[in-house]
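Reviewing the structure listed below.
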Amino acid sequence: MSIVKINVLTVPAEQREVLEQRFASRAGAVEGSDGFEWFELLRPLEGTDQYLVYTRWRSEEDFQNWMSGSMKAAHQGGGGSEGGERPKPAASGSTLWSFEVVQQASPKN
């Protein structure tokens with residue numbers, strides 16, 4: 001079965017739009033990675049300032065390969081303004097949760 005990684009991002013209210021725009025502009029960045037199965041960015045509706053970045057992978061090895069490869073390069077690369085300065089992070093904190101899928105279901109047709 002697959003593994004799930006949930007990155008819990010603490011995002012101040014004034015940075016929500018920035019975070020969402022950054023994720024929208026990275027569309028396609030992970031989808032071609034070997035073993036990638038699913039992505040969702042979950043916006044909180046009430047009671048918290050934490051966004052959840054949900055990804056599902058074929059294996060822990062596939063996730064680690066992505067982390068040490070294209071994800072690492074994307075987060076260390078230029079990507080800044082013309083002066084080469086990197087933009088300020090939109091999140092003020094991050095925690096990674098890991099889960100193994102032991103059961104799943106989909107809607108009946």
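Labeling convention for the structure tokens: chains A, B, ... as they appear, residues from 1 per chain, ligands from 1 in order of appearance.
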Extract, using only C-alpha atoms, all DNA, RNA and protein residues at most 8 Å from segment 15-21 of chain A, discarding same-chain residues fewer than 3 positions from it, and format them as a PyMOL selection string.
-> chain A and resi 11-12+24-25+90-91
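Atom CA of Gly32 of chain A sits 12.0 Å away from atom CA of Trp57 of chain A.
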Selection: 9 Å around segment 58-60 of chain A, only C-alpha atoms, excl. self and same-chain fewer than 6 positions, as a list of chain:residue names: A:Met1, A:Ser2, A:Ile3, A:Val4, A:Asp34, A:Gly35, A:Phe36, A:Glu37
Pick out the closest residue to Trp38 of chain A from this set: A:Gly69, A:Pro107, A:Ile6, A:Gln50. Count only C-alpha atoms.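 Result for the nearest residue to Trp38 of chain A: A:Ile6.
Near Asn7 of chain A, within 12 Å and counting only C-alpha atoms, sit Val4, Thr10, Phe39, Glu40, Leu41, Leu42, Gln50, Tyr51, Leu52, Val53, Tyr54, Thr55, Arg56, Ala91, Gly93, Ser94, Thr95, Leu96, Trp97, Ser98 and Phe99 of chain A; same-chain residues fewer than 3 positions away were not included.
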Fill in: Among listed residues A:Asp49, A:Glu100, A:Glu61, A:Glu31, nearest Val8 of chain A (using only C-alpha atoms)
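Selected residue with least distance to Val8 of chain A: A:Asp49.
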Report task. Please return as a PyMOL selection string: the residues of segment 1-48 of chain A that backbone DSSP assigns to strand (DSSP E or B). Result -> chain A and resi 3-10+36-42
Exercise for review: DSSP on the backbone, then: every residue of chain A marked alpha helix (DSSP H), written as a list in words.
Suggested key: Arg16, Glu17, Val18, Leu19, Glu20, Gln21, Arg22, Phe23, Ala24, Ser25, Glu60, Glu61, Asp62, Phe63, Gln64, Asn65, Trp66, Lys72, Ala73, Ala74, His75 and Gln76 of chain A
Expected file contents, prior selection, N, CA and C atoms, as a short mmCIF file (atom, residue, chain, number, x, y, z; two decimals), in the first residue's frame:
data_model
loop_
_atom_site.label_atom_id
_atom_site.label_comp_id
_atom_site.auth_asym_id
_atom_site.auth_seq_id
_atom_site.Cartn_x
_atom_site.Cartn_y
_atom_site.Cartn_z
N ARG A 16 -1.72 33.90 3.60
CA ARG A 16 -2.49 32.83 2.96
C ARG A 16 -2.50 32.94 1.44
N GLU A 17 -2.81 34.12 0.94
CA GLU A 17 -2.88 34.30 -0.51
C GLU A 17 -1.51 34.06 -1.15
N VAL A 18 -0.46 34.50 -0.50
CA VAL A 18 0.90 34.29 -1.01
C VAL A 18 1.19 32.79 -1.12
N LEU A 19 0.89 32.05 -0.05
CA LEU A 19 1.12 30.60 -0.06
C LEU A 19 0.35 29.93 -1.19
N GLU A 20 -0.92 30.25 -1.31
CA GLU A 20 -1.75 29.62 -2.34
C GLU A 20 -1.26 29.96 -3.74
N GLN A 21 -0.82 31.19 -3.95
CA GLN A 21 -0.29 31.57 -5.26
C GLN A 21 0.99 30.82 -5.57
N ARG A 22 1.84 30.63 -4.57
CA ARG A 22 3.09 29.90 -4.79
C ARG A 22 2.82 28.45 -5.16
N PHE A 23 1.85 27.83 -4.50
CA PHE A 23 1.51 26.45 -4.84
C PHE A 23 0.89 26.39 -6.24
N ALA A 24 0.06 27.37 -6.58
CA ALA A 24 -0.55 27.39 -7.91
C ALA A 24 0.51 27.54 -8.99
N SER A 25 1.54 28.33 -8.74
CA SER A 25 2.58 28.54 -9.74
C SER A 25 3.52 27.35 -9.88
N GLU A 60 8.06 4.80 0.55
CA GLU A 60 8.92 5.74 1.28
C GLU A 60 10.15 6.08 0.43
N GLU A 61 10.67 5.10 -0.26
CA GLU A 61 11.84 5.32 -1.10
C GLU A 61 11.54 6.35 -2.19
N ASP A 62 10.36 6.26 -2.83
CA ASP A 62 9.99 7.23 -3.85
C ASP A 62 9.90 8.64 -3.27
N PHE A 63 9.31 8.75 -2.09
CA PHE A 63 9.22 10.06 -1.43
C PHE A 63 10.61 10.61 -1.13
N GLN A 64 11.49 9.77 -0.57
CA GLN A 64 12.84 10.22 -0.23
C GLN A 64 13.63 10.63 -1.47
N ASN A 65 13.44 9.89 -2.56
CA ASN A 65 14.11 10.25 -3.82
C ASN A 65 13.65 11.62 -4.30
N TRP A 66 12.36 11.89 -4.20
CA TRP A 66 11.84 13.20 -4.59
C TRP A 66 12.39 14.29 -3.66
N LYS A 72 14.33 19.24 -3.40
CA LYS A 72 15.47 19.95 -2.80
C LYS A 72 15.98 21.03 -3.76
N ALA A 73 16.10 20.66 -5.03
CA ALA A 73 16.58 21.63 -6.02
C ALA A 73 15.63 22.82 -6.13
N ALA A 74 14.32 22.55 -6.11
CA ALA A 74 13.33 23.63 -6.24
C ALA A 74 13.39 24.59 -5.05
N HIS A 75 13.64 24.05 -3.86
CA HIS A 75 13.66 24.90 -2.67
C HIS A 75 15.00 25.58 -2.44
N GLN A 76 16.05 25.12 -3.11
CA GLN A 76 17.36 25.75 -2.96
C GLN A 76 17.71 26.62 -4.15
#
If you count only C-alpha atoms, the residue of A:Ser68, A:Gln103, A:Thr48, A:Ser92 closest to Leu9 of chain A turns out to be A:Ser92
Pairwise distance, atom CA of Lys88 of chain A with atom CA of Arg26 of chain A, equals 16.3 Å
